[in-house]
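Raw contents of target08.pdb, PDB, C-alpha atoms:
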ATOM      1  CA  MET A   5     231.046  94.611 255.403
ATOM      2  CA  ALA A   6     231.462  91.107 253.969
ATOM      3  CA  HIS A   7     228.477  89.461 252.331
ATOM      4  CA  THR A   8     227.250  86.624 254.554
ATOM      5  CA  GLY A   9     224.906  84.754 252.190
ATOM      6  CA  THR A  10     225.849  82.068 249.704
ATOM      7  CA  THR A  11     227.164  83.109 246.285
ATOM      8  CA  LEU A  12     226.525  80.912 243.248
ATOM      9  CA  VAL A  13     229.422  80.981 240.795
ATOM     10  CA  THR A  14     228.795  79.627 237.300
ATOM     11  CA  GLY A  15     231.690  78.737 235.019
ATOM     12  CA  ALA A  16     233.551  77.800 238.178
ATOM     13  CA  ALA A  17     235.444  74.859 236.681
ATOM     14  CA  GLY A  18     236.819  76.734 233.701
ATOM     15  CA  GLN A  19     240.367  76.382 232.476
ATOM     16  CA  VAL A  20     243.281  77.446 234.662
ATOM     17  CA  GLY A  21     243.195  81.244 234.737
ATOM     18  CA  SER A  22     239.432  81.487 234.228
ATOM     19  CA  VAL A  23     237.559  84.206 236.085
ATOM     20  CA  GLY A  24     235.110  81.801 237.754
ATOM     21  CA  ARG A  25     237.817  79.581 239.212
ATOM     22  CA  GLN A  26     239.780  82.575 240.533
ATOM     23  CA  LEU A  27     236.611  84.162 241.918
ATOM     24  CA  VAL A  28     235.819  81.043 243.948
ATOM     25  CA  ALA A  29     239.327  81.179 245.416
ATOM     26  CA  LEU A  30     238.948  84.854 246.382
ATOM     27  CA  LEU A  31     235.560  84.286 248.010
ATOM     28  CA  ARG A  32     236.789  81.286 249.958
ATOM     29  CA  GLN A  33     239.904  83.147 251.124
ATOM     30  CA  GLN A  34     237.465  85.402 252.980
ATOM     31  CA  ALA A  35     235.510  82.375 254.266
ATOM     32  CA  MET A  36     232.457  83.432 252.236
ATOM     33  CA  PRO A  37     229.982  80.599 251.437
ATOM     34  CA  VAL A  38     230.281  79.590 247.768
ATOM     35  CA  ARG A  39     228.280  77.201 245.638
ATOM     36  CA  ALA A  40     230.214  76.325 242.474
ATOM     37  CA  LEU A  41     228.142  75.270 239.476
ATOM     38  CA  VAL A  42     230.000  72.842 237.204
ATOM     39  CA  ARG A  43     229.043  70.724 234.196
ATOM     40  CA  LYS A  44     230.544  67.564 235.648
ATOM     41  CA  GLU A  45     232.583  66.366 238.575
ATOM     42  CA  ASP A  46     236.267  65.977 237.736
ATOM     43  CA  GLN A  47     239.679  67.068 238.993
ATOM     44  CA  ARG A  48     238.786  70.723 238.534
ATOM     45  CA  SER A  49     235.624  70.450 240.627
ATOM     46  CA  ALA A  50     237.554  68.427 243.218
ATOM     47  CA  HIS A  51     240.006  71.327 243.498
ATOM     48  CA  LEU A  52     237.093  73.724 244.076
ATOM     49  CA  ALA A  53     235.757  71.421 246.776
ATOM     50  CA  GLU A  54     239.192  71.441 248.437
ATOM     51  CA  MET A  55     238.868  75.232 248.639
ATOM     52  CA  GLY A  56     235.662  74.736 250.603
ATOM     53  CA  ALA A  57     233.141  75.383 247.837
ATOM     54  CA  GLU A  58     229.894  73.442 247.686
ATOM     55  CA  ILE A  59     229.770  71.658 244.312
ATOM     56  CA  VAL A  60     226.570  71.403 242.293
ATOM     57  CA  VAL A  61     226.354  69.798 238.847
ATOM     58  CA  ALA A  62     223.952  71.464 236.411
ATOM     59  CA  ASP A  63     223.394  72.194 232.731
ATOM     60  CA  LEU A  64     223.201  75.973 232.248
ATOM     61  CA  THR A  65     220.840  75.523 229.304
ATOM     62  CA  ARG A  66     218.295  73.850 231.633
ATOM     63  CA  PRO A  67     216.337  76.472 233.648
ATOM     64  CA  ASP A  68     215.088  73.784 236.054
ATOM     65  CA  GLN A  69     218.603  72.638 236.874
ATOM     66  CA  VAL A  70     219.906  76.194 237.243
ATOM     67  CA  TYR A  71     216.976  77.030 239.538
ATOM     68  CA  ALA A  72     217.697  73.976 241.685
ATOM     69  CA  ALA A  73     221.367  74.982 241.904
ATOM     70  CA  MET A  74     220.523  78.577 242.792
ATOM     71  CA  LYS A  75     217.900  77.968 245.496
ATOM     72  CA  GLY A  76     219.185  79.164 248.859
ATOM     73  CA  CYS A  77     221.757  81.534 247.360
ATOM     74  CA  THR A  78     221.526  85.287 247.867
ATOM     75  CA  GLN A  79     223.629  86.406 244.903
ATOM     76  CA  ALA A  80     225.209  84.927 241.793
ATOM     77  CA  PHE A  81     227.921  85.454 239.219
ATOM     78  CA  PHE A  82     227.185  84.516 235.610
ATOM     79  CA  ALA A  83     229.836  83.564 233.080
ATOM     80  CA  THR A  84     230.123  80.637 230.733
ATOM     81  CA  SER A  85     232.127  79.465 227.754
ATOM     82  CA  ILE A  86     231.982  81.252 224.416
ATOM     83  CA  GLY A  87     229.596  79.262 222.268
ATOM     84  CA  PRO A  88     226.287  79.228 220.401
ATOM     85  CA  SER A  89     224.301  78.364 223.565
ATOM     86  CA  PHE A  90     225.597  81.395 225.511
ATOM     87  CA  LEU A  91     222.342  83.371 225.272
ATOM     88  CA  GLU A  92     220.293  80.341 226.300
ATOM     89  CA  CYS A  93     222.504  79.870 229.370
ATOM     90  CA  ALA A  94     222.195  83.547 230.249
ATOM     91  CA  LEU A  95     218.409  83.527 229.979
ATOM     92  CA  ALA A  96     218.119  80.350 232.055
ATOM     93  CA  THR A  97     220.281  81.948 234.753
ATOM     94  CA  THR A  98     218.265  85.166 234.670
ATOM     95  CA  ALA A  99     214.967  83.301 234.924
ATOM     96  CA  ALA A 100     216.266  81.350 237.915
ATOM     97  CA  ALA A 101     217.567  84.551 239.540
ATOM     98  CA  ARG A 102     214.165  86.163 239.186
ATOM     99  CA  GLU A 103     212.387  83.119 240.610
ATOM    100  CA  CYS A 104     214.829  82.938 243.537
ATOM    101  CA  GLY A 105     214.629  86.669 244.269
ATOM    102  CA  LEU A 106     218.395  87.144 244.265
ATOM    103  CA  GLU A 107     219.772  90.251 245.915
ATOM    104  CA  MET A 108     222.193  90.707 243.009
ATOM    105  CA  LEU A 109     223.287  88.995 239.787
ATOM    106  CA  VAL A 110     226.705  89.948 238.404
ATOM    107  CA  ASN A 111     227.074  89.380 234.661
ATOM    108  CA  LEU A 112     230.500  89.150 233.030
ATOM    109  CA  SER A 113     230.066  90.982 229.741
ATOM    110  CA  GLN A 114     232.287  92.468 227.046
ATOM    111  CA  MET A 115     233.245  96.093 226.686
ATOM    112  CA  THR A 116     232.360  96.022 222.985
ATOM    113  CA  THR A 117     228.724  96.013 224.133
ATOM    114  CA  SER A 118     229.102  99.697 225.005
ATOM    115  CA  GLN A 119     229.616 100.425 221.293
ATOM    116  CA  MET A 120     226.633  98.385 220.088
ATOM    117  CA  ARG A 121     223.018  99.351 219.343
ATOM    118  CA  ILE A 122     220.100  97.606 217.669
ATOM    119  CA  ASP A 123     221.211  99.212 214.386
ATOM    120  CA  ALA A 124     224.960  98.877 215.006
ATOM    121  CA  MET A 125     226.135  95.319 215.650
ATOM    122  CA  THR A 126     229.503  93.601 215.134
ATOM    123  CA  ASP A 127     230.276  90.501 213.067
ATOM    124  CA  SER A 128     230.905  88.451 216.220
ATOM    125  CA  PRO A 129     228.014  86.111 217.085
ATOM    126  CA  GLN A 130     229.287  86.098 220.684
ATOM    127  CA  GLN A 131     229.219  89.870 220.996
ATOM    128  CA  ARG A 132     225.713  89.987 219.541
ATOM    129  CA  GLN A 133     224.566  87.413 222.089
ATOM    130  CA  GLY A 134     226.296  89.422 224.813
ATOM    131  CA  TRP A 135     224.384  92.549 223.804
ATOM    132  CA  LEU A 136     221.097  90.648 223.850
ATOM    133  CA  THR A 137     222.014  89.136 227.228
ATOM    134  CA  GLU A 138     222.566  92.535 228.834
ATOM    135  CA  ASN A 139     219.263  93.843 227.509
ATOM    136  CA  ALA A 140     217.274  90.748 228.502
ATOM    137  CA  MET A 141     218.749  90.845 232.008
ATOM    138  CA  ASN A 142     217.807  94.509 232.326
ATOM    139  CA  TRP A 143     214.243  93.787 231.169
ATOM    140  CA  SER A 144     213.883  90.928 233.681
ATOM    141  CA  GLY A 145     213.560  93.084 236.785
ATOM    142  CA  VAL A 146     216.490  91.271 238.410
ATOM    143  CA  ARG A 147     219.017  93.500 240.190
ATOM    144  CA  VAL A 148     221.832  92.883 237.712
ATOM    145  CA  VAL A 149     225.306  94.445 237.564
ATOM    146  CA  HIS A 150     227.190  94.227 234.272
ATOM    147  CA  VAL A 151     230.983  93.974 234.315
ATOM    148  CA  ARG A 152     232.182  94.808 230.813
ATOM    149  CA  ALA A 153     235.763  93.667 230.470
ATOM    150  CA  THR A 154     237.989  94.407 227.507
ATOM    151  CA  ILE A 155     240.149  91.680 225.925
ATOM    152  CA  PHE A 156     241.934  89.387 228.393
ATOM    153  CA  MET A 157     245.723  89.114 228.360
ATOM    154  CA  GLN A 158     245.487  85.332 228.594
ATOM    155  CA  ALA A 159     244.051  84.840 225.103
ATOM    156  CA  PHE A 160     245.744  86.828 222.347
ATOM    157  CA  PHE A 161     248.666  88.111 224.396
ATOM    158  CA  LEU A 162     249.804  84.875 226.008
ATOM    159  CA  ARG A 163     248.956  81.836 223.906
ATOM    160  CA  TRP A 164     249.218  83.376 220.441
ATOM    161  CA  ALA A 165     251.963  85.846 221.285
ATOM    162  CA  ALA A 166     254.056  83.026 222.728
ATOM    163  CA  MET A 167     253.820  81.042 219.491
ATOM    164  CA  SER A 168     255.733  83.640 217.479
ATOM    165  CA  ILE A 169     257.861  85.207 220.198
ATOM    166  CA  SER A 170     259.302  81.838 221.237
ATOM    167  CA  ARG A 171     260.092  81.117 217.587
ATOM    168  CA  ASP A 172     261.606  84.352 216.259
ATOM    169  CA  ASP A 173     261.057  87.177 218.779
ATOM    170  CA  THR A 174     258.160  88.682 216.850
ATOM    171  CA  LEU A 175     254.641  89.657 217.883
ATOM    172  CA  ARG A 176     252.448  88.796 214.889
ATOM    173  CA  PHE A 177     248.911  90.195 214.676
ATOM    174  CA  PRO A 178     246.835  91.813 211.914
ATOM    175  CA  PHE A 179     246.023  94.852 214.056
ATOM    176  CA  GLY A 180     247.743  97.585 212.046
ATOM    177  CA  ASP A 181     248.092 100.728 214.163
ATOM    178  CA  GLY A 182     245.122  99.816 216.347
ATOM    179  CA  LYS A 183     245.490 100.259 220.087
ATOM    180  CA  THR A 184     244.367  97.939 222.858
ATOM    181  CA  SER A 185     244.320  97.818 226.674
ATOM    182  CA  PRO A 186     244.171  94.148 227.724
ATOM    183  CA  ILE A 187     243.370  93.190 231.296
ATOM    184  CA  ALA A 188     244.508  90.144 233.278
ATOM    185  CA  SER A 189     241.784  87.652 234.190
ATOM    186  CA  GLN A 190     242.856  87.731 237.850
ATOM    187  CA  ASP A 191     242.152  91.464 237.898
ATOM    188  CA  VAL A 192     238.678  90.866 236.481
ATOM    189  CA  ALA A 193     238.073  88.280 239.214
ATOM    190  CA  GLN A 194     239.292  90.732 241.867
ATOM    191  CA  ALA A 195     236.940  93.459 240.635
ATOM    192  CA  ILE A 196     233.980  91.069 240.657
ATOM    193  CA  PHE A 197     234.891  89.919 244.159
ATOM    194  CA  GLU A 198     234.753  93.525 245.367
ATOM    195  CA  ILE A 199     231.273  93.906 243.859
ATOM    196  CA  LEU A 200     230.007  90.685 245.434
ATOM    197  CA  ASP A 201     231.516  91.632 248.793
ATOM    198  CA  SER A 202     229.639  94.952 248.862
ATOM    199  CA  ASP A 203     226.048  95.918 249.486
ATOM    200  CA  PRO A 204     223.792  95.214 246.464
ATOM    201  CA  LEU A 205     224.234  97.876 243.796
ATOM    202  CA  PRO A 206     221.426  99.529 241.808
ATOM    203  CA  ALA A 207     219.999  97.463 238.973
ATOM    204  CA  GLY A 208     221.709  98.157 235.661
ATOM    205  CA  THR A 209     224.997  99.332 237.194
ATOM    206  CA  ILE A 210     227.850  98.983 234.695
ATOM    207  CA  PHE A 211     231.578  98.719 235.308
ATOM    208  CA  GLU A 212     234.020  98.784 232.391
ATOM    209  CA  LEU A 213     237.401  97.189 233.026
ATOM    210  CA  THR A 214     240.594  97.821 231.065
ATOM    211  CA  GLY A 215     244.298  97.502 231.625
ATOM    212  CA  PRO A 216     246.400 100.453 232.847
ATOM    213  CA  GLN A 217     247.065 101.885 229.378
ATOM    214  CA  SER A 218     245.944 101.699 225.768
ATOM    215  CA  ILE A 219     248.862 101.156 223.381
ATOM    216  CA  ASP A 220     249.500 100.056 219.801
ATOM    217  CA  MET A 221     251.275  96.836 218.903
ATOM    218  CA  SER A 222     254.685  98.482 218.433
ATOM    219  CA  ASP A 223     254.540  99.750 222.009
ATOM    220  CA  MET A 224     253.147  96.365 223.063
ATOM    221  CA  ALA A 225     256.290  94.744 221.599
ATOM    222  CA  LEU A 226     258.404  97.107 223.705
ATOM    223  CA  GLU A 227     256.530  95.906 226.814
ATOM    224  CA  TYR A 228     257.380  92.301 225.931
ATOM    225  CA  GLY A 229     260.982  93.253 225.313
ATOM    226  CA  ALA A 230     261.270  95.023 228.672
ATOM    227  CA  ALA A 231     259.877  91.966 230.452
ATOM    228  CA  LEU A 232     261.958  89.391 228.572
ATOM    229  CA  ASN A 233     265.189  91.416 228.343
ATOM    230  CA  ARG A 234     265.513  90.944 224.607
ATOM    231  CA  PRO A 235     264.224  92.877 221.565
ATOM    232  CA  ILE A 236     260.718  91.935 220.389
ATOM    233  CA  ALA A 237     259.382  93.339 217.117
ATOM    234  CA  TYR A 238     255.783  93.771 215.994
ATOM    235  CA  VAL A 239     254.964  92.342 212.573
ATOM    236  CA  ASP A 240     251.660  93.499 211.107
ATOM    237  CA  ILE A 241     250.750  90.401 209.106
ATOM    238  CA  PRO A 242     247.861  90.157 206.609
ATOM    239  CA  HIS A 243     244.576  89.134 208.190
ATOM    240  CA  ASP A 244     244.155  86.003 206.045
ATOM    241  CA  GLN A 245     247.688  84.866 206.880
ATOM    242  CA  TRP A 246     246.986  85.292 210.599
ATOM    243  CA  VAL A 247     243.787  83.266 210.335
ATOM    244  CA  ALA A 248     245.525  80.485 208.407
ATOM    245  CA  SER A 249     248.525  80.351 210.769
ATOM    246  CA  PHE A 250     246.952  80.953 214.167
ATOM    247  CA  VAL A 251     243.172  80.393 214.039
ATOM    248  CA  ASP A 252     242.495  77.630 211.511
ATOM    249  CA  PRO A 253     244.771  75.070 213.264
ATOM    250  CA  LEU A 254     242.770  75.385 216.501
ATOM    251  CA  PRO A 255     240.170  72.694 217.316
ATOM    252  CA  ILE A 256     237.442  75.277 217.962
ATOM    253  CA  SER A 257     233.808  75.757 216.961
ATOM    254  CA  PRO A 258     232.779  77.940 213.998
ATOM    255  CA  HIS A 259     231.117  80.247 216.548
ATOM    256  CA  LEU A 260     234.377  80.870 218.417
ATOM    257  CA  LYS A 261     236.315  81.201 215.153
ATOM    258  CA  GLU A 262     233.933  83.924 213.941
ATOM    259  CA  HIS A 263     234.292  85.701 217.274
ATOM    260  CA  LEU A 264     238.101  85.713 217.181
ATOM    261  CA  ILE A 265     238.186  86.898 213.587
ATOM    262  CA  ALA A 266     235.757  89.707 214.406
ATOM    263  CA  MET A 267     237.923  90.753 217.365
ATOM    264  CA  ALA A 268     240.938  91.018 215.070
ATOM    265  CA  HIS A 269     239.009  93.222 212.623
ATOM    266  CA  LEU A 270     237.818  95.439 215.482
ATOM    267  CA  HIS A 271     241.379  95.827 216.741
ATOM    268  CA  LYS A 272     242.538  96.991 213.325
ATOM    269  CA  ALA A 273     239.623  99.460 213.257
ATOM    270  CA  ASN A 274     240.888 100.804 216.625
ATOM    271  CA  ARG A 275     237.690  99.761 218.413
ATOM    272  CA  TYR A 276     239.742  98.362 221.341
ATOM    273  CA  ASP A 277     241.368 101.732 222.102
ATOM    274  CA  ARG A 278     239.798 101.993 225.572
ATOM    275  CA  PHE A 279     240.749 103.139 229.037
ATOM    276  CA  THR A 280     238.805 103.498 232.289
ATOM    277  CA  ASN A 281     239.580 103.876 235.991
ATOM    278  CA  ASP A 282     236.783 101.522 237.071
ATOM    279  CA  PHE A 283     239.141  98.771 238.213
ATOM    280  CA  GLU A 284     241.117 101.153 240.430
ATOM    281  CA  GLN A 285     237.908 102.611 241.866
ATOM    282  CA  LEU A 286     236.682  99.120 242.787
ATOM    283  CA  THR A 287     239.922  97.693 244.176
ATOM    284  CA  GLY A 288     242.035 100.664 245.245
ATOM    285  CA  ARG A 289     244.961  99.648 243.031
ATOM    286  CA  LYS A 290     245.963  99.796 239.386
ATOM    287  CA  PRO A 291     245.496  96.771 237.094
ATOM    288  CA  GLN A 292     248.477  94.646 236.130
ATOM    289  CA  ARG A 293     250.772  95.967 233.418
ATOM    290  CA  ILE A 294     251.531  93.964 230.291
ATOM    291  CA  ARG A 295     255.237  93.768 231.123
ATOM    292  CA  ASP A 296     254.502  92.349 234.587
ATOM    293  CA  PHE A 297     252.101  89.794 233.121
ATOM    294  CA  VAL A 298     254.727  88.749 230.555
ATOM    295  CA  ARG A 299     257.395  88.544 233.250
ATOM    296  CA  GLU A 300     255.161  86.235 235.312
ATOM    297  CA  ASN A 301     254.733  83.989 232.271
ATOM    298  CA  ALA A 302     258.273  84.312 230.912
ATOM    299  CA  ALA A 303     258.673  80.557 230.453
ATOM    300  CA  ALA A 304     255.982  80.582 227.749
ATOM    301  CA  PHE A 305     258.034  83.049 225.700
ATOM    302  CA  ALA A 306     261.437  81.327 226.019
ATOM    303  CA  ARG A 307     263.187  80.899 222.697
ATOM    304  CA  LYS A 308     262.800  77.434 221.227
ATOM    305  CA  PRO A 309     265.970  75.828 219.857
ATOM    306  CA  THR A 310     266.304  75.979 216.092
ATOM    307  CA  VAL A 311     265.816  72.622 214.413
ATOM    308  CA  HIS A 312     268.353  71.989 211.620
ATOM    309  CA  SER A 313     267.734  69.588 208.777
ATOM    310  CA  GLY A 314     271.228  68.099 209.022
ATOM    311  CA  ARG A 315     271.880  68.641 205.314
ATOM    312  CA  ALA A 316     275.213  70.039 204.120
TER
END
Would you put the structure from the file into structure tokens?
Amino acid sequence: MAHTGTTLVTGAAGQVGSVGRQLVALLRQQAMPVRALVRKEDQRSAHLAEMGAEIVVADLTRPDQVYAAMKGCTQAFFATSIGPSFLECALATTAAARECGLEMLVNLSQMTTSQMRIDAMTDSPQQRQGWLTENAMNWSGVRVVHVRATIFMQAFFLRWAAMSISRDDTLRFPFGDGKTSPIASQDVAQAIFEILDSDPLPAGTIFELTGPQSIDMSDMALEYGAALNRPIAYVDIPHDQWVASFVDPLPISPHLKEHLIAMAHLHKANRYDRFTNDFEQLTGRKPQRIRDFVRENAAAFARKPTVHSGRA
């Protein structure tokens, strides 16, 4: 039975491909009332409004503004950008959810949290904040459901993979023999939609989402090759070289840089070798395969023409 109350979606105006944006679209396709929380009104929020979402502008670090945005809603989805204020945003949302008496709060978390304890953290400041967020939400008394997703295809396996594949048909990461099971962001959004469209689940329920298989980078290169119809080779490059070539040039915060570097180390340590059936149990279908994701985004991996110097 479809949920009839209003759902607050934070992070709704994220970049194209973000979970929040896709979740709003799924909810509105079923004519479910949606209130989209955005930082500012712009073209992205206008697109959400065109879908039929109610737009509310709020600062997620301000509990008063989050509370005002949440009043009248019956459930909410929490996600926000990776950054040093993530925990503050999460706590503000949780406090507002408690004050509003939400039926359910769905928290987009990371699967690495399942491997963390008070005496066993990672070097990622984002993952540490994610672990604290889950615990604080559980302590709050709010009926919270945690969706722990593994690494998204859109990050490492689209943007960075395309940089080297389009240049010389190589997949360059410092992951060694480590395995991974990336999931597409649209699949994460679909799983969260199914949760929000159901009766409220018990507090502390956890779903862990992965792709359909866990494979090493050599097999990952074969997936790219099958999708692109040309040979792709995996090159296990030194970690420092990867950081200098792929991470340092990005205009990102030190917080995000530390997080990405930590993720690379964890991949090499085989900490991303994960597989669950939770997505299929929620949706009734299997998650998207790497080769199908690559095929959908084939233009990003097209070979770039070689630039010659013109010298004899």
Expected selection from the PyMOL selection byres ((chain A and resi 89-91) around 12), given as a PyMOL selection string: chain A and resi 15+63-66+82-88+92-98+112-113+129-141+257+259-260
Using the selection just defined, write its residues with C-alpha atoms as a PDB file, in the frame of the given file.
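Saved result, result13.pdb, follows:
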ATOM      1  CA  GLY A  15     231.690  78.737 235.019  1.00  0.00           C
ATOM      2  CA  ASP A  63     223.394  72.194 232.731  1.00  0.00           C
ATOM      3  CA  LEU A  64     223.201  75.973 232.248  1.00  0.00           C
ATOM      4  CA  THR A  65     220.840  75.523 229.304  1.00  0.00           C
ATOM      5  CA  ARG A  66     218.295  73.850 231.633  1.00  0.00           C
ATOM      6  CA  PHE A  82     227.185  84.516 235.610  1.00  0.00           C
ATOM      7  CA  ALA A  83     229.836  83.564 233.080  1.00  0.00           C
ATOM      8  CA  THR A  84     230.123  80.637 230.733  1.00  0.00           C
ATOM      9  CA  SER A  85     232.127  79.465 227.754  1.00  0.00           C
ATOM     10  CA  ILE A  86     231.982  81.252 224.416  1.00  0.00           C
ATOM     11  CA  GLY A  87     229.596  79.262 222.268  1.00  0.00           C
ATOM     12  CA  PRO A  88     226.287  79.228 220.401  1.00  0.00           C
ATOM     13  CA  GLU A  92     220.293  80.341 226.300  1.00  0.00           C
ATOM     14  CA  CYS A  93     222.504  79.870 229.370  1.00  0.00           C
ATOM     15  CA  ALA A  94     222.195  83.547 230.249  1.00  0.00           C
ATOM     16  CA  LEU A  95     218.409  83.527 229.979  1.00  0.00           C
ATOM     17  CA  ALA A  96     218.119  80.350 232.055  1.00  0.00           C
ATOM     18  CA  THR A  97     220.281  81.948 234.753  1.00  0.00           C
ATOM     19  CA  THR A  98     218.265  85.166 234.670  1.00  0.00           C
ATOM     20  CA  LEU A 112     230.500  89.150 233.030  1.00  0.00           C
ATOM     21  CA  SER A 113     230.066  90.982 229.741  1.00  0.00           C
ATOM     22  CA  PRO A 129     228.014  86.111 217.085  1.00  0.00           C
ATOM     23  CA  GLN A 130     229.287  86.098 220.684  1.00  0.00           C
ATOM     24  CA  GLN A 131     229.219  89.870 220.996  1.00  0.00           C
ATOM     25  CA  ARG A 132     225.713  89.987 219.541  1.00  0.00           C
ATOM     26  CA  GLN A 133     224.566  87.413 222.089  1.00  0.00           C
ATOM     27  CA  GLY A 134     226.296  89.422 224.813  1.00  0.00           C
ATOM     28  CA  TRP A 135     224.384  92.549 223.804  1.00  0.00           C
ATOM     29  CA  LEU A 136     221.097  90.648 223.850  1.00  0.00           C
ATOM     30  CA  THR A 137     222.014  89.136 227.228  1.00  0.00           C
ATOM     31  CA  GLU A 138     222.566  92.535 228.834  1.00  0.00           C
ATOM     32  CA  ASN A 139     219.263  93.843 227.509  1.00  0.00           C
ATOM     33  CA  ALA A 140     217.274  90.748 228.502  1.00  0.00           C
ATOM     34  CA  MET A 141     218.749  90.845 232.008  1.00  0.00           C
ATOM     35  CA  SER A 257     233.808  75.757 216.961  1.00  0.00           C
ATOM     36  CA  HIS A 259     231.117  80.247 216.548  1.00  0.00           C
ATOM     37  CA  LEU A 260     234.377  80.870 218.417  1.00  0.00           C
TER      38      LEU A 260
END
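Between A:Asn111 and the candidates A:Gln33, A:Ser185, A:Asn142, A:Asn274, the tightest atom-to-atom separation, counting only C-alpha atoms, involves A:Asn142.
Counting only C-alpha atoms and comparing A:Thr11, A:Gln79, A:Ser128, A:Gln26, the residue that lies closest to A:Glu107 is A:Gln79.
Interatomic distance, atom CA of A:Leu175 against atom CA of A:Ser249: 13.2 Å.
Atom CA of A:Phe156 sits 20.0 Å away from atom CA of A:Leu232.
Separating atom CA of A:Asp172 from atom CA of A:Pro235 is a distance of 10.4 Å.
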Expected selection from the PyMOL selection byres ((chain A and resi 188) around 7), given as a PDB file with C-alpha atoms, in the frame of the given file:
ATOM      1  CA  PHE A 156     241.934  89.387 228.393  1.00  0.00           C
ATOM      2  CA  MET A 157     245.723  89.114 228.360  1.00  0.00           C
ATOM      3  CA  GLN A 158     245.487  85.332 228.594  1.00  0.00           C
ATOM      4  CA  PRO A 186     244.171  94.148 227.724  1.00  0.00           C
ATOM      5  CA  ILE A 187     243.370  93.190 231.296  1.00  0.00           C
ATOM      6  CA  SER A 189     241.784  87.652 234.190  1.00  0.00           C
ATOM      7  CA  GLN A 190     242.856  87.731 237.850  1.00  0.00           C
ATOM      8  CA  ASP A 191     242.152  91.464 237.898  1.00  0.00           C
ATOM      9  CA  VAL A 192     238.678  90.866 236.481  1.00  0.00           C
ATOM     10  CA  GLN A 292     248.477  94.646 236.130  1.00  0.00           C
TER      11      GLN A 292
END
Target residues per the PyMOL selection byres ((chain A and resi 266) around 12), formatted as JSON, numbers by chain: {"A": [116, 125, 126, 127, 128, 129, 130, 131, 132, 178, 179, 243, 247, 251, 259, 260, 261, 262, 263, 264, 265, 267, 268, 269, 270, 271, 272, 273, 275, 276]}
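Among A:Ile256, A:Leu162, A:Gln217, A:Gly145, the residue with the shortest atom-to-atom distance to A:Arg299, counting only C-alpha atoms, is A:Leu162.
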8 Å contact set for stretch 196-201 of chain A, all atoms listed in the file, chain neighbours under 6 positions out, as a ChimeraX atom specification: /A:5-7,27,30-31,79,110,151,286-287
Best match for closeness to A:Ala166 among A:Asn301, A:Thr214, A:Ser144, A:Ser49, counting only C-alpha atoms: A:Asn301
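Nearest residue to A:Asp220, choosing from A:Val239, A:Cys104, A:Ala50, A:Met55 and counting all atoms listed in the file: A:Val239.
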For A:Ala165: contacts at 12 Å, only C-alpha atoms, fewer than 3 positions along chain excluded, given as an MDAnalysis selection string: chainID A and resid 157:162 168:177 221 224:225 228 236:239 246 250 298 301:302 304:306
Given only C-alpha atoms as the counted atoms, nearest of A:Ala195, A:Ile241, A:Asp252, A:Pro258 to A:Phe283: A:Ala195
Output stretch 232-243 of chain A with N, CA and C atoms present, as a PDB file, keeping the file's coordinate frame.
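File written: part32.pdb
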ATOM      1  N   LEU A 232     261.162  90.564 228.933  1.00  0.00           N
ATOM      2  CA  LEU A 232     261.958  89.391 228.572  1.00  0.00           C
ATOM      3  C   LEU A 232     263.444  89.698 228.406  1.00  0.00           C
ATOM      4  N   ASN A 233     263.792  90.987 228.474  1.00  0.00           N
ATOM      5  CA  ASN A 233     265.189  91.416 228.343  1.00  0.00           C
ATOM      6  C   ASN A 233     265.793  91.020 227.005  1.00  0.00           C
ATOM      7  N   ARG A 234     264.991  91.126 225.962  1.00  0.00           N
ATOM      8  CA  ARG A 234     265.513  90.944 224.607  1.00  0.00           C
ATOM      9  C   ARG A 234     264.565  91.673 223.647  1.00  0.00           C
ATOM     10  N   PRO A 235     265.066  92.111 222.486  1.00  0.00           N
ATOM     11  CA  PRO A 235     264.224  92.877 221.565  1.00  0.00           C
ATOM     12  C   PRO A 235     263.086  92.022 220.992  1.00  0.00           C
ATOM     13  N   ILE A 236     261.881  92.567 221.008  1.00  0.00           N
ATOM     14  CA  ILE A 236     260.718  91.935 220.389  1.00  0.00           C
ATOM     15  C   ILE A 236     260.152  92.925 219.377  1.00  0.00           C
ATOM     16  N   ALA A 237     259.876  92.464 218.178  1.00  0.00           N
ATOM     17  CA  ALA A 237     259.382  93.339 217.117  1.00  0.00           C
ATOM     18  C   ALA A 237     257.941  92.987 216.749  1.00  0.00           C
ATOM     19  N   TYR A 238     257.148  94.008 216.463  1.00  0.00           N
ATOM     20  CA  TYR A 238     255.783  93.771 215.994  1.00  0.00           C
ATOM     21  C   TYR A 238     255.791  93.626 214.481  1.00  0.00           C
ATOM     22  N   VAL A 239     255.124  92.568 214.004  1.00  0.00           N
ATOM     23  CA  VAL A 239     254.964  92.342 212.573  1.00  0.00           C
ATOM     24  C   VAL A 239     253.471  92.371 212.264  1.00  0.00           C
ATOM     25  N   ASP A 240     253.062  93.357 211.483  1.00  0.00           N
ATOM     26  CA  ASP A 240     251.660  93.499 211.107  1.00  0.00           C
ATOM     27  C   ASP A 240     251.382  92.587 209.911  1.00  0.00           C
ATOM     28  N   ILE A 241     250.922  91.376 210.183  1.00  0.00           N
ATOM     29  CA  ILE A 241     250.750  90.401 209.106  1.00  0.00           C
ATOM     30  C   ILE A 241     249.350  90.535 208.486  1.00  0.00           C
ATOM     31  N   PRO A 242     249.181  90.117 207.243  1.00  0.00           N
ATOM     32  CA  PRO A 242     247.861  90.157 206.609  1.00  0.00           C
ATOM     33  C   PRO A 242     246.854  89.326 207.397  1.00  0.00           C
ATOM     34  N   HIS A 243     245.621  89.795 207.404  1.00  0.00           N
ATOM     35  CA  HIS A 243     244.576  89.134 208.190  1.00  0.00           C
ATOM     36  C   HIS A 243     244.429  87.666 207.790  1.00  0.00           C
TER      37      HIS A 243
END
